[in-house]
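**Student:** What follows is work.pdb, PDB, C-alpha atoms and all ligand atoms.
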```pdb
ATOM      1  CA  MET Y 197       0.000   0.000   0.000  1.00  0.00           C
ATOM      2  CA  ASP Y 198       2.727   2.459   1.038  1.00  0.00           C
ATOM      3  CA  GLU Y 199       4.683   1.641  -2.119  1.00  0.00           C
ATOM      4  CA  ILE Y 200       1.660   2.376  -4.335  1.00  0.00           C
ATOM      5  CA  ILE Y 201       1.184   5.754  -2.707  1.00  0.00           C
ATOM      6  CA  ARG Y 202       4.898   6.537  -2.913  1.00  0.00           C
ATOM      7  CA  GLN Y 203       4.862   5.623  -6.605  1.00  0.00           C
ATOM      8  CA  ARG Y 204       1.854   7.874  -7.004  1.00  0.00           C
ATOM      9  CA  ILE Y 205       3.820  10.726  -5.421  1.00  0.00           C
ATOM     10  CA  ARG Y 206       6.770  10.129  -7.747  1.00  0.00           C
ATOM     11  CA  ASN Y 207       4.527   9.960 -10.835  1.00  0.00           C
ATOM     12  CA  SER Y 208       2.277  12.898 -10.013  1.00  0.00           C
ATOM     13  CA  LYS Y 209       2.251  15.555 -12.712  1.00  0.00           C
ATOM     14  CA  THR Y 210       2.389  19.293 -12.052  1.00  0.00           C
ATOM     15  CA  LEU Y 211       1.927  22.443 -14.086  1.00  0.00           C
ATOM     16  CA  LEU Y 212       0.073  20.868 -16.996  1.00  0.00           C
ATOM     17  CA  GLY Y 213      -1.907  24.023 -17.838  1.00  0.00           C
ATOM     18  CA  PRO Y 214      -3.636  25.621 -19.604  1.00  0.00           C
ATOM     19  CA  PHE Y 215      -2.459  28.842 -17.996  1.00  0.00           C
ATOM     20  CA  PRO Y 216      -3.482  32.481 -18.474  1.00  0.00           C
ATOM     21  CA  ASN Y 217      -1.161  34.859 -20.323  1.00  0.00           C
ATOM     22  CA  PHE Y 218       1.118  37.049 -18.279  1.00  0.00           C
ATOM     23  CA  PHE Y 219       2.035  40.210 -20.207  1.00  0.00           C
ATOM     24  CA  TYR Y 220       4.974  41.073 -17.971  1.00  0.00           C
ATOM     25  CA  GLU Y 221       6.024  44.060 -20.115  1.00  0.00           C
ATOM     26  CA  LYS Y 222       2.804  45.843 -19.157  1.00  0.00           C
ATOM     27  CA  THR Y 223       2.641  45.662 -15.395  1.00  0.00           C
ATOM     28  CA  PRO Y 224       1.638  48.293 -12.833  1.00  0.00           C
ATOM     29  CA  ASP Y 225       4.230  50.304 -10.879  1.00  0.00           C
ATOM     30  CA  TYR Y 226       3.051  48.821  -7.564  1.00  0.00           C
ATOM     31  CA  PRO Y 227       2.965  45.119  -6.677  1.00  0.00           C
ATOM     32  CA  GLN Y 228      -0.320  45.574  -4.795  1.00  0.00           C
ATOM     33  CA  ALA Y 229      -1.984  46.582  -8.073  1.00  0.00           C
ATOM     34  CA  LEU Y 230      -0.660  43.515  -9.909  1.00  0.00           C
ATOM     35  CA  PHE Y 231      -1.673  41.318  -6.964  1.00  0.00           C
ATOM     36  CA  LEU Y 232      -5.247  42.608  -7.238  1.00  0.00           C
ATOM     37  CA  GLU Y 233      -5.240  41.920 -11.007  1.00  0.00           C
ATOM     38  CA  TRP Y 234      -3.998  38.372 -10.384  1.00  0.00           C
ATOM     39  CA  PHE Y 235      -6.468  37.866  -7.535  1.00  0.00           C
ATOM     40  CA  GLN Y 236      -9.309  38.799  -9.854  1.00  0.00           C
ATOM     41  CA  VAL Y 237      -8.096  36.234 -12.422  1.00  0.00           C
ATOM     42  CA  ALA Y 238      -7.882  33.655  -9.611  1.00  0.00           C
ATOM     43  CA  VAL Y 239     -11.492  34.354  -8.591  1.00  0.00           C
ATOM     44  CA  GLU Y 240     -12.710  34.259 -12.222  1.00  0.00           C
ATOM     45  CA  SER Y 241     -10.822  30.965 -12.710  1.00  0.00           C
ATOM     46  CA  SER Y 242     -12.577  29.431  -9.666  1.00  0.00           C
ATOM     47  CA  VAL Y 243      -9.324  28.989  -7.747  1.00  0.00           C
ATOM     48  CA  HIS Y 244     -10.135  27.214  -4.486  1.00  0.00           C
ATOM     49  CA  GLU Y 245      -9.809  29.625  -1.521  1.00  0.00           C
ATOM     50  CA  PRO Y 246      -7.544  32.126  -3.298  1.00  0.00           C
ATOM     51  CA  HIS Y 247      -7.291  34.169  -0.086  1.00  0.00           C
ATOM     52  CA  SER Y 248      -5.493  31.306   1.727  1.00  0.00           C
ATOM     53  CA  MET Y 249      -1.796  31.934   2.082  1.00  0.00           C
ATOM     54  CA  THR Y 250       1.204  30.450   3.835  1.00  0.00           C
ATOM     55  CA  ILE Y 251       2.955  32.778   6.243  1.00  0.00           C
ATOM     56  CA  SER Y 252       6.468  32.047   7.417  1.00  0.00           C
ATOM     57  CA  THR Y 253       7.947  33.466  10.595  1.00  0.00           C
ATOM     58  CA  ILE Y 254      11.208  32.988  12.491  1.00  0.00           C
ATOM     59  CA  ASP Y 255      11.334  31.743  16.081  1.00  0.00           C
ATOM     60  CA  GLN Y 256      13.615  32.902  18.906  1.00  0.00           C
ATOM     61  CA  HIS Y 257      16.259  30.362  17.870  1.00  0.00           C
ATOM     62  CA  GLY Y 258      16.291  31.570  14.255  1.00  0.00           C
ATOM     63  CA  SER Y 259      14.341  28.525  12.995  1.00  0.00           C
ATOM     64  CA  PRO Y 260      11.672  29.102  10.367  1.00  0.00           C
ATOM     65  CA  ASP Y 261       8.022  28.170  10.961  1.00  0.00           C
ATOM     66  CA  SER Y 262       5.012  28.353   8.658  1.00  0.00           C
ATOM     67  CA  ARG Y 263       1.275  27.842   8.564  1.00  0.00           C
ATOM     68  CA  VAL Y 264      -1.745  28.733   6.418  1.00  0.00           C
ATOM     69  CA  LEU Y 265      -3.767  31.867   7.222  1.00  0.00           C
ATOM     70  CA  ILE Y 266      -6.479  33.910   5.581  1.00  0.00           C
ATOM     71  CA  LEU Y 267      -5.683  37.156   3.784  1.00  0.00           C
ATOM     72  CA  LYS Y 268      -8.009  39.744   5.330  1.00  0.00           C
ATOM     73  CA  ASP Y 269      -7.328  42.777   3.169  1.00  0.00           C
ATOM     74  CA  ILE Y 270      -4.818  44.493   0.927  1.00  0.00           C
ATOM     75  CA  ASP Y 271      -4.219  48.189   0.290  1.00  0.00           C
ATOM     76  CA  ASN Y 272      -1.390  50.507  -0.794  1.00  0.00           C
ATOM     77  CA  GLU Y 273       0.346  49.862   2.519  1.00  0.00           C
ATOM     78  CA  GLY Y 274       0.331  46.092   2.517  1.00  0.00           C
ATOM     79  CA  TRP Y 275      -1.292  42.704   3.022  1.00  0.00           C
ATOM     80  CA  TYR Y 276      -3.347  42.040   6.187  1.00  0.00           C
ATOM     81  CA  PHE Y 277      -3.945  38.969   8.315  1.00  0.00           C
ATOM     82  CA  ALA Y 278      -5.334  38.417  11.818  1.00  0.00           C
ATOM     83  CA  SER Y 279      -4.425  36.087  14.658  1.00  0.00           C
ATOM     84  CA  SER Y 280      -3.719  35.929  18.368  1.00  0.00           C
ATOM     85  CA  SER Y 281      -0.649  37.850  19.530  1.00  0.00           C
ATOM     86  CA  GLN Y 282      -0.265  35.081  22.147  1.00  0.00           C
ATOM     87  CA  SER Y 283      -0.083  32.282  19.556  1.00  0.00           C
ATOM     88  CA  ALA Y 284       3.253  30.788  18.501  1.00  0.00           C
ATOM     89  CA  LYS Y 285       3.311  33.011  15.419  1.00  0.00           C
ATOM     90  CA  GLY Y 286       2.307  36.081  17.449  1.00  0.00           C
ATOM     91  CA  LYS Y 287       5.202  35.581  19.846  1.00  0.00           C
ATOM     92  CA  GLN Y 288       7.606  34.925  16.971  1.00  0.00           C
ATOM     93  CA  ILE Y 289       6.543  38.140  15.232  1.00  0.00           C
ATOM     94  CA  GLU Y 290       7.001  40.090  18.463  1.00  0.00           C
ATOM     95  CA  ILE Y 291      10.653  38.982  18.562  1.00  0.00           C
ATOM     96  CA  ASN Y 292      11.296  39.190  14.831  1.00  0.00           C
ATOM     97  CA  SER Y 293       8.844  41.025  12.605  1.00  0.00           C
ATOM     98  CA  LYS Y 294      10.328  39.669   9.355  1.00  0.00           C
ATOM     99  CA  VAL Y 295       7.800  37.422   7.575  1.00  0.00           C
ATOM    100  CA  ALA Y 296       7.169  35.851   4.179  1.00  0.00           C
ATOM    101  CA  LEU Y 297       3.799  35.175   2.550  1.00  0.00           C
ATOM    102  CA  ASN Y 298       3.151  32.694  -0.215  1.00  0.00           C
ATOM    103  CA  PHE Y 299       0.098  32.241  -2.412  1.00  0.00           C
ATOM    104  CA  TYR Y 300      -0.068  29.283  -4.791  1.00  0.00           C
ATOM    105  CA  TRP Y 301      -2.984  29.133  -7.199  1.00  0.00           C
ATOM    106  CA  SER Y 302      -2.487  25.768  -8.914  1.00  0.00           C
ATOM    107  CA  GLU Y 303      -5.512  26.099 -11.213  1.00  0.00           C
ATOM    108  CA  ILE Y 304      -3.774  28.973 -13.021  1.00  0.00           C
ATOM    109  CA  GLY Y 305      -0.157  28.011 -12.311  1.00  0.00           C
ATOM    110  CA  ARG Y 306       0.566  31.187 -10.382  1.00  0.00           C
ATOM    111  CA  GLN Y 307       2.592  31.804  -7.264  1.00  0.00           C
ATOM    112  CA  VAL Y 308       3.074  35.098  -5.429  1.00  0.00           C
ATOM    113  CA  ARG Y 309       5.915  35.438  -2.916  1.00  0.00           C
ATOM    114  CA  ILE Y 310       6.003  38.384  -0.538  1.00  0.00           C
ATOM    115  CA  ARG Y 311       8.777  39.279   1.918  1.00  0.00           C
ATOM    116  CA  GLY Y 312       8.522  42.083   4.429  1.00  0.00           C
ATOM    117  CA  ASN Y 313       7.747  43.186   7.952  1.00  0.00           C
ATOM    118  CA  ALA Y 314       4.645  42.444   9.998  1.00  0.00           C
ATOM    119  CA  VAL Y 315       3.296  45.533  11.745  1.00  0.00           C
ATOM    120  CA  THR Y 316       0.694  45.386  14.520  1.00  0.00           C
ATOM    121  CA  MET Y 317      -2.470  47.370  13.819  1.00  0.00           C
ATOM    122  CA  ASN Y 318      -4.148  49.365  16.596  1.00  0.00           C
ATOM    123  CA  LYS Y 319      -6.818  48.004  18.988  1.00  0.00           C
ATOM    124  CA  GLU Y 320      -9.634  49.657  17.045  1.00  0.00           C
ATOM    125  CA  ARG Y 321      -8.791  47.902  13.761  1.00  0.00           C
ATOM    126  CA  SER Y 322      -8.056  44.603  15.496  1.00  0.00           C
ATOM    127  CA  SER Y 323     -11.381  44.758  17.370  1.00  0.00           C
ATOM    128  CA  LYS Y 324     -13.263  45.529  14.158  1.00  0.00           C
ATOM    129  CA  ASP Y 325     -11.734  42.432  12.571  1.00  0.00           C
ATOM    130  CA  PHE Y 326     -12.640  40.363  15.618  1.00  0.00           C
ATOM    131  CA  LEU Y 327     -16.277  41.492  15.602  1.00  0.00           C
ATOM    132  CA  GLU Y 328     -16.588  40.393  11.956  1.00  0.00           C
ATOM    133  CA  ARG Y 329     -15.712  36.781  12.869  1.00  0.00           C
ATOM    134  CA  GLY Y 330     -18.334  34.049  13.209  1.00  0.00           C
ATOM    135  CA  LYS Y 331     -19.609  33.136  16.669  1.00  0.00           C
ATOM    136  CA  ILE Y 332     -17.621  29.901  17.093  1.00  0.00           C
ATOM    137  CA  ALA Y 333     -14.461  31.494  15.709  1.00  0.00           C
ATOM    138  CA  LYS Y 334     -14.896  34.322  18.235  1.00  0.00           C
ATOM    139  CA  ALA Y 335     -15.491  31.857  21.084  1.00  0.00           C
ATOM    140  CA  ILE Y 336     -12.367  29.872  20.151  1.00  0.00           C
ATOM    141  CA  ALA Y 337     -10.269  33.044  20.106  1.00  0.00           C
ATOM    142  CA  LEU Y 338     -11.739  34.142  23.455  1.00  0.00           C
ATOM    143  CA  LEU Y 339     -10.277  30.987  25.000  1.00  0.00           C
ATOM    144  CA  GLU Y 340      -6.896  32.760  24.604  1.00  0.00           C
ATOM    145  CA  LYS Y 341      -5.114  29.419  24.237  1.00  0.00           C
ATOM    146  CA  GLN Y 342      -4.081  29.207  20.590  1.00  0.00           C
ATOM    147  CA  SER Y 343      -0.973  27.018  20.173  1.00  0.00           C
ATOM    148  CA  LEU Y 344      -0.862  25.874  23.833  1.00  0.00           C
ATOM    149  CA  ILE Y 345      -0.859  22.128  24.580  1.00  0.00           C
ATOM    150  CA  LEU Y 346      -4.368  20.657  24.846  1.00  0.00           C
ATOM    151  CA  GLN Y 347      -4.184  17.909  27.482  1.00  0.00           C
ATOM    152  CA  ASP Y 348      -7.724  16.616  27.020  1.00  0.00           C
ATOM    153  CA  PRO Y 349     -10.160  17.326  24.130  1.00  0.00           C
ATOM    154  CA  HIS Y 350     -13.017  17.463  26.685  1.00  0.00           C
ATOM    155  CA  GLU Y 351     -11.420  20.597  28.152  1.00  0.00           C
ATOM    156  CA  LEU Y 352     -11.931  22.281  24.781  1.00  0.00           C
ATOM    157  CA  GLU Y 353     -15.632  21.354  24.656  1.00  0.00           C
ATOM    158  CA  GLU Y 354     -16.254  22.618  28.182  1.00  0.00           C
ATOM    159  CA  ALA Y 355     -14.306  25.847  27.769  1.00  0.00           C
ATOM    160  CA  LEU Y 356     -15.961  26.520  24.408  1.00  0.00           C
ATOM    161  CA  THR Y 357     -19.460  26.044  25.828  1.00  0.00           C
ATOM    162  CA  LYS Y 358     -18.644  28.543  28.592  1.00  0.00           C
ATOM    163  CA  GLN Y 359     -17.359  31.107  26.069  1.00  0.00           C
ATOM    164  CA  LEU Y 360     -20.436  30.668  23.878  1.00  0.00           C
ATOM    165  CA  ILE Y 361     -22.698  31.361  26.881  1.00  0.00           C
ATOM    166  CA  LYS Y 362     -20.655  34.494  27.673  1.00  0.00           C
ATOM    167  CA  LEU Y 363     -20.837  35.587  24.026  1.00  0.00           C
ATOM    168  CA  ASN Y 364     -24.605  35.096  23.909  1.00  0.00           C
ATOM    169  CA  ARG Y 365     -24.889  37.379  26.950  1.00  0.00           C
ATOM    170  CA  ASN Y 366     -22.477  39.933  25.514  1.00  0.00           C
ATOM    171  CA  PRO Y 367     -21.989  39.681  21.707  1.00  0.00           C
ATOM    172  CA  LYS Y 368     -19.553  42.638  21.859  1.00  0.00           C
ATOM    173  CA  LEU Y 369     -16.920  40.663  23.793  1.00  0.00           C
ATOM    174  CA  ILE Y 370     -13.489  41.079  22.209  1.00  0.00           C
ATOM    175  CA  SER Y 371     -10.411  38.911  22.634  1.00  0.00           C
ATOM    176  CA  PRO Y 372      -7.643  41.116  24.093  1.00  0.00           C
ATOM    177  CA  SER Y 373      -4.986  39.233  22.135  1.00  0.00           C
ATOM    178  CA  TRP Y 374      -6.731  39.300  18.734  1.00  0.00           C
ATOM    179  CA  THR Y 375      -4.517  41.329  16.428  1.00  0.00           C
ATOM    180  CA  LEU Y 376      -4.719  42.568  12.890  1.00  0.00           C
ATOM    181  CA  TYR Y 377      -1.266  42.592  11.291  1.00  0.00           C
ATOM    182  CA  LYS Y 378      -0.135  44.392   8.160  1.00  0.00           C
ATOM    183  CA  VAL Y 379       2.715  43.002   6.090  1.00  0.00           C
ATOM    184  CA  GLU Y 380       4.698  45.888   4.611  1.00  0.00           C
ATOM    185  CA  ALA Y 381       6.429  44.309   1.655  1.00  0.00           C
ATOM    186  CA  THR Y 382       9.964  44.987   0.526  1.00  0.00           C
ATOM    187  CA  GLU Y 383      10.031  42.288  -2.176  1.00  0.00           C
ATOM    188  CA  VAL Y 384       7.210  40.695  -4.175  1.00  0.00           C
ATOM    189  CA  GLU Y 385       7.612  38.048  -6.871  1.00  0.00           C
ATOM    190  CA  PHE Y 386       4.955  37.081  -9.397  1.00  0.00           C
ATOM    191  CA  TRP Y 387       5.588  33.629 -10.832  1.00  0.00           C
ATOM    192  CA  GLN Y 388       3.689  32.358 -13.840  1.00  0.00           C
ATOM    193  CA  ALA Y 389       4.036  28.721 -14.813  1.00  0.00           C
ATOM    194  CA  ASP Y 390       4.752  27.761 -18.406  1.00  0.00           C
ATOM    195  CA  LYS Y 391       4.022  24.286 -19.787  1.00  0.00           C
ATOM    196  CA  GLU Y 392       7.497  24.173 -21.362  1.00  0.00           C
ATOM    197  CA  ARG Y 393       8.985  25.125 -17.997  1.00  0.00           C
ATOM    198  CA  LYS Y 394      10.056  28.584 -19.223  1.00  0.00           C
ATOM    199  CA  HIS Y 395       8.309  30.054 -16.212  1.00  0.00           C
ATOM    200  CA  ILE Y 396       8.011  33.831 -16.040  1.00  0.00           C
ATOM    201  CA  ARG Y 397       9.261  35.442 -12.835  1.00  0.00           C
ATOM    202  CA  LEU Y 398       8.769  39.142 -12.222  1.00  0.00           C
ATOM    203  CA  GLN Y 399      10.214  40.539  -9.027  1.00  0.00           C
ATOM    204  CA  TYR Y 400       9.415  43.933  -7.477  1.00  0.00           C
ATOM    205  CA  ASN Y 401      12.033  45.322  -5.060  1.00  0.00           C
ATOM    206  CA  LEU Y 402      11.425  48.364  -2.904  1.00  0.00           C
ATOM    207  CA  ARG Y 403      14.320  50.810  -3.305  1.00  0.00           C
ATOM    208  CA  GLY Y 404      13.596  53.757  -1.026  1.00  0.00           C
ATOM    209  CA  GLU Y 405      10.111  54.878  -2.079  1.00  0.00           C
ATOM    210  CA  LYS Y 406      10.268  53.299  -5.529  1.00  0.00           C
ATOM    211  CA  TRP Y 407       9.496  49.776  -6.689  1.00  0.00           C
ATOM    212  CA  VAL Y 408      12.094  48.418  -9.121  1.00  0.00           C
ATOM    213  CA  LYS Y 409      11.065  45.537 -11.400  1.00  0.00           C
ATOM    214  CA  ASN Y 410      13.304  42.735 -12.681  1.00  0.00           C
ATOM    215  CA  LEU Y 411      12.731  39.475 -14.485  1.00  0.00           C
ATOM    216  CA  LEU Y 412      14.361  36.434 -12.844  1.00  0.00           C
ATOM    217  CA  TRP Y 413      15.682  33.274 -14.476  1.00  0.00           C
ATOM    218  CA  PRO Y 414      13.257  30.382 -14.081  1.00  0.00           C
TER     219      PRO Y 414
HETATM  220  C1  LIG Y 501      -7.328  27.652   5.288  1.00  0.00           C
HETATM  221  C2  LIG Y 501      -6.849  28.012   6.669  1.00  0.00           C
HETATM  222  C3  LIG Y 501      -7.081  29.288   7.148  1.00  0.00           C
HETATM  223  C4  LIG Y 501      -6.640  29.662   8.423  1.00  0.00           C
HETATM  224  N1  LIG Y 501      -6.836  30.962   8.828  1.00  0.00           N
HETATM  225  C5  LIG Y 501      -6.344  31.364  10.034  1.00  0.00           C
HETATM  226  C6  LIG Y 501      -6.430  32.740  10.418  1.00  0.00           C
HETATM  227  O1  LIG Y 501      -6.911  33.611   9.674  1.00  0.00           O
HETATM  228  N2  LIG Y 501      -5.943  33.082  11.653  1.00  0.00           N
HETATM  229  C7  LIG Y 501      -5.356  32.157  12.489  1.00  0.00           C
HETATM  230  O2  LIG Y 501      -4.938  32.546  13.590  1.00  0.00           O
HETATM  231  N3  LIG Y 501      -5.240  30.853  12.136  1.00  0.00           N
HETATM  232  C8  LIG Y 501      -5.718  30.427  10.921  1.00  0.00           C
HETATM  233  N4  LIG Y 501      -5.574  29.112  10.532  1.00  0.00           N
HETATM  234  C9  LIG Y 501      -4.897  28.169  11.458  1.00  0.00           C
HETATM  235  C10 LIG Y 501      -3.375  28.317  11.318  1.00  0.00           C
HETATM  236  O3  LIG Y 501      -2.917  27.601  10.195  1.00  0.00           O
HETATM  237  C11 LIG Y 501      -2.602  27.810  12.565  1.00  0.00           C
HETATM  238  O4  LIG Y 501      -2.959  26.481  12.856  1.00  0.00           O
HETATM  239  C12 LIG Y 501      -2.861  28.652  13.818  1.00  0.00           C
HETATM  240  O5  LIG Y 501      -2.940  30.035  13.524  1.00  0.00           O
HETATM  241  C13 LIG Y 501      -1.774  28.416  14.874  1.00  0.00           C
HETATM  242  O6  LIG Y 501      -0.534  28.726  14.315  1.00  0.00           O
HETATM  243  P1  LIG Y 501       0.769  28.992  15.226  1.00  0.00           P
HETATM  244  O7  LIG Y 501       0.797  27.892  16.257  1.00  0.00           O
HETATM  245  O8  LIG Y 501       1.925  28.947  14.307  1.00  0.00           O
HETATM  246  O9  LIG Y 501       0.582  30.352  15.869  1.00  0.00           O
HETATM  247  C14 LIG Y 501      -5.986  28.713   9.259  1.00  0.00           C
HETATM  248  C15 LIG Y 501      -5.742  27.422   8.751  1.00  0.00           C
HETATM  249  C16 LIG Y 501      -6.145  27.090   7.480  1.00  0.00           C
HETATM  250  C17 LIG Y 501      -5.815  25.706   6.948  1.00  0.00           C
END
```
Output the file's structure as structure tokens, nothing else.
Ligand SMILES: Cc1cc2nc3c(=O)[nH]c(=O)nc-3n(C[C@H](O)[C@H](O)[C@H](O)COP(=O)(O)O)c2cc1C
**Tutor:**
Amino acid sequence: MDEIIRQRIRNSKTLLGPFPNFFYEKTPDYPQALFLEWFQVAVESSVHEPHSMTISTIDQHGSPDSRVLILKDIDNEGWYFASSSQSAKGKQIEINSKVALNFYWSEIGRQVRIRGNAVTMNKERSSKDFLERGKIAKAIALLEKQSLILQDPHELEEALTKQLIKLNRNPKLISPSWTLYKVEATEVEFWQADKERKHIRLQYNLRGEKWVKNLLWP
């Protein structure tokens, strides 16, 4: 059984296409603008959860860590995500704000890589994000235990029930640790797959106030 699955892994095909065109000569001056163009193509191409992204952080020993999060917003200043400041990632960001984001949209053979700094947004913006969450998601966050060891799954059920009762009494409850973060990018790469493996890579680098664009070898 294992051997069949391992053979399946070895024989799996990737990047078969068809892929959309990427007219890299005609791209906006800002990576955020190109990201929005690509995001629209992803939505129109029915990419599954295009707002899911991998975020990498660095722990106190200098070891990398990563997990999937939801992109909450994007504007001229950066890319936004939300989580608990007391989670593993929250503590890592507090020590070292350097992060990397990665989007991979397999249906259209596109990858976007973003490197930059995570900046904590103020209480008002974090609270607004929290209040937009669903009831269970709010209750889970109000437990204030993300990434801690769970000794017994029953503890989760009990604690969650208590938080849901509290939330029903006061729907405006806000988790003190819930934080909206903005990733201010310094480097953004747009990667477009090509069936012949001549992938197109366009990198934006922030030089002072200006974004400089370069093609990279595939
Ligand atoms: C599709 C998807 C979306 C997720 N979105 C979030 C999110 O927006 N915020 C969050 O804190 N965790 C989210 N998670 C859970 C994280 O991947 C992770 O398990 C959690 O944040 C704890 O990470 P940490 O221990 O590195 O802090 C999501 C997971 C998946 C698979």
**Student:** Collect all residues with atoms no farther than 9 Å from ligand LIG 501 (chain Y), counting only C-alpha atoms and all ligand atoms, and output them as number ranges by chain.
**Tutor:** Y: 245, 247-253, 261-268, 277-288, 337, 342-344, 374
**Student:** Which residue out of Y:Thr316, Y:Ser323, Y:Asn366, Y:Gln359 has the minimum interatomic distance to Tyr276 in chain Y when all atoms listed in the file are used?
**Tutor:** Y:Thr316
**Student:** If we count only C-alpha atoms and set the cut-off at 12 Å, which residues sit around Leu352 in chain Y, ignoring sequence neighbours fewer than 5 positions away in its own chain? Please answer as a compact mmCIF listing (two decimals) with C-alpha atoms, in the frame of the given file.
**Tutor:**
```txt
# COMPACT_ATOMS: atom_id res chain seq x y z
CA ALA Y 335 -15.49 31.86 21.08
CA ILE Y 336 -12.37 29.87 20.15
CA ALA Y 337 -10.27 33.04 20.11
CA LEU Y 338 -11.74 34.14 23.46
CA LEU Y 339 -10.28 30.99 25.00
CA GLU Y 340 -6.90 32.76 24.60
CA LYS Y 341 -5.11 29.42 24.24
CA GLN Y 342 -4.08 29.21 20.59
CA LEU Y 344 -0.86 25.87 23.83
CA ILE Y 345 -0.86 22.13 24.58
CA LEU Y 346 -4.37 20.66 24.85
CA GLN Y 347 -4.18 17.91 27.48
CA THR Y 357 -19.46 26.04 25.83
CA LYS Y 358 -18.64 28.54 28.59
CA GLN Y 359 -17.36 31.11 26.07
CA LEU Y 360 -20.44 30.67 23.88
```
**Student:** Compare Y:Glu273, Y:Asp198, Y:Asp390, Y:Asp325 by their minimum atom-to-atom distance to Thr210 in chain Y, counting all atoms listed in the file, and give me the closest one.
**Tutor:** Y:Asp390
**Student:** Rounded to one decimal, what separation in Å do you get between CA of Phe386 in chain Y and CA of Ala229 in chain Y?
**Tutor:**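 Going from CA of Phe386 in chain Y over to CA of Ala229 in chain Y, I get 11.8 Å.
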**Student:** Suppose you want the space between CA of Val239 in chain Y and CA of Phe215 in chain Y; what is it in Å?
**Tutor:**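 Going from CA of Val239 in chain Y over to CA of Phe215 in chain Y covers 14.2 Å.
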**Student:** Give me, as JSON lines, each residue of range 370-395 of chain Y that comes within 12 Å of range 300-311 of chain Y, together with its shortest interatomic pair and the distance in Å at one decimal, counting only C-alpha atoms, with rows ordered by chain and rising residue number.
**Tutor:**
```
{"residue": "Y:Val379", "atom": "CA", "partner": "Y:Arg311", "partner_atom": "CA", "distance": 8.2}
{"residue": "Y:Glu380", "atom": "CA", "partner": "Y:Arg311", "partner_atom": "CA", "distance": 8.2}
{"residue": "Y:Ala381", "atom": "CA", "partner": "Y:Arg311", "partner_atom": "CA", "distance": 5.6}
{"residue": "Y:Thr382", "atom": "CA", "partner": "Y:Arg311", "partner_atom": "CA", "distance": 6.0}
{"residue": "Y:Glu383", "atom": "CA", "partner": "Y:Arg311", "partner_atom": "CA", "distance": 5.2}
{"residue": "Y:Val384", "atom": "CA", "partner": "Y:Ile310", "partner_atom": "CA", "distance": 4.5}
{"residue": "Y:Glu385", "atom": "CA", "partner": "Y:Arg309", "partner_atom": "CA", "distance": 5.0}
{"residue": "Y:Phe386", "atom": "CA", "partner": "Y:Val308", "partner_atom": "CA", "distance": 4.8}
{"residue": "Y:Trp387", "atom": "CA", "partner": "Y:Gln307", "partner_atom": "CA", "distance": 5.0}
{"residue": "Y:Gln388", "atom": "CA", "partner": "Y:Arg306", "partner_atom": "CA", "distance": 4.8}
{"residue": "Y:Ala389", "atom": "CA", "partner": "Y:Gly305", "partner_atom": "CA", "distance": 4.9}
{"residue": "Y:Asp390", "atom": "CA", "partner": "Y:Gly305", "partner_atom": "CA", "distance": 7.8}
{"residue": "Y:Lys391", "atom": "CA", "partner": "Y:Gly305", "partner_atom": "CA", "distance": 9.3}
{"residue": "Y:Arg393", "atom": "CA", "partner": "Y:Gly305", "partner_atom": "CA", "distance": 11.1}
{"residue": "Y:His395", "atom": "CA", "partner": "Y:Gly305", "partner_atom": "CA", "distance": 9.5}
```
**Student:** For CA of Glu233 in chain Y and CA of Val408 in chain Y, determine how far apart the two atoms are, in Å to one decimal place.
**Tutor:**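 Taking CA of Glu233 in chain Y and CA of Val408 in chain Y, their separation equals 18.6 Å.
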**Student:** Which is closer to Trp275 in chain Y than all the others in Y:Ile291, Y:Ile361, Y:Leu356, Y:Ala296, using all atoms listed in the file?
**Tutor:**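 Among the listed residues, Y:Ala296 lies closest to Trp275 in chain Y.
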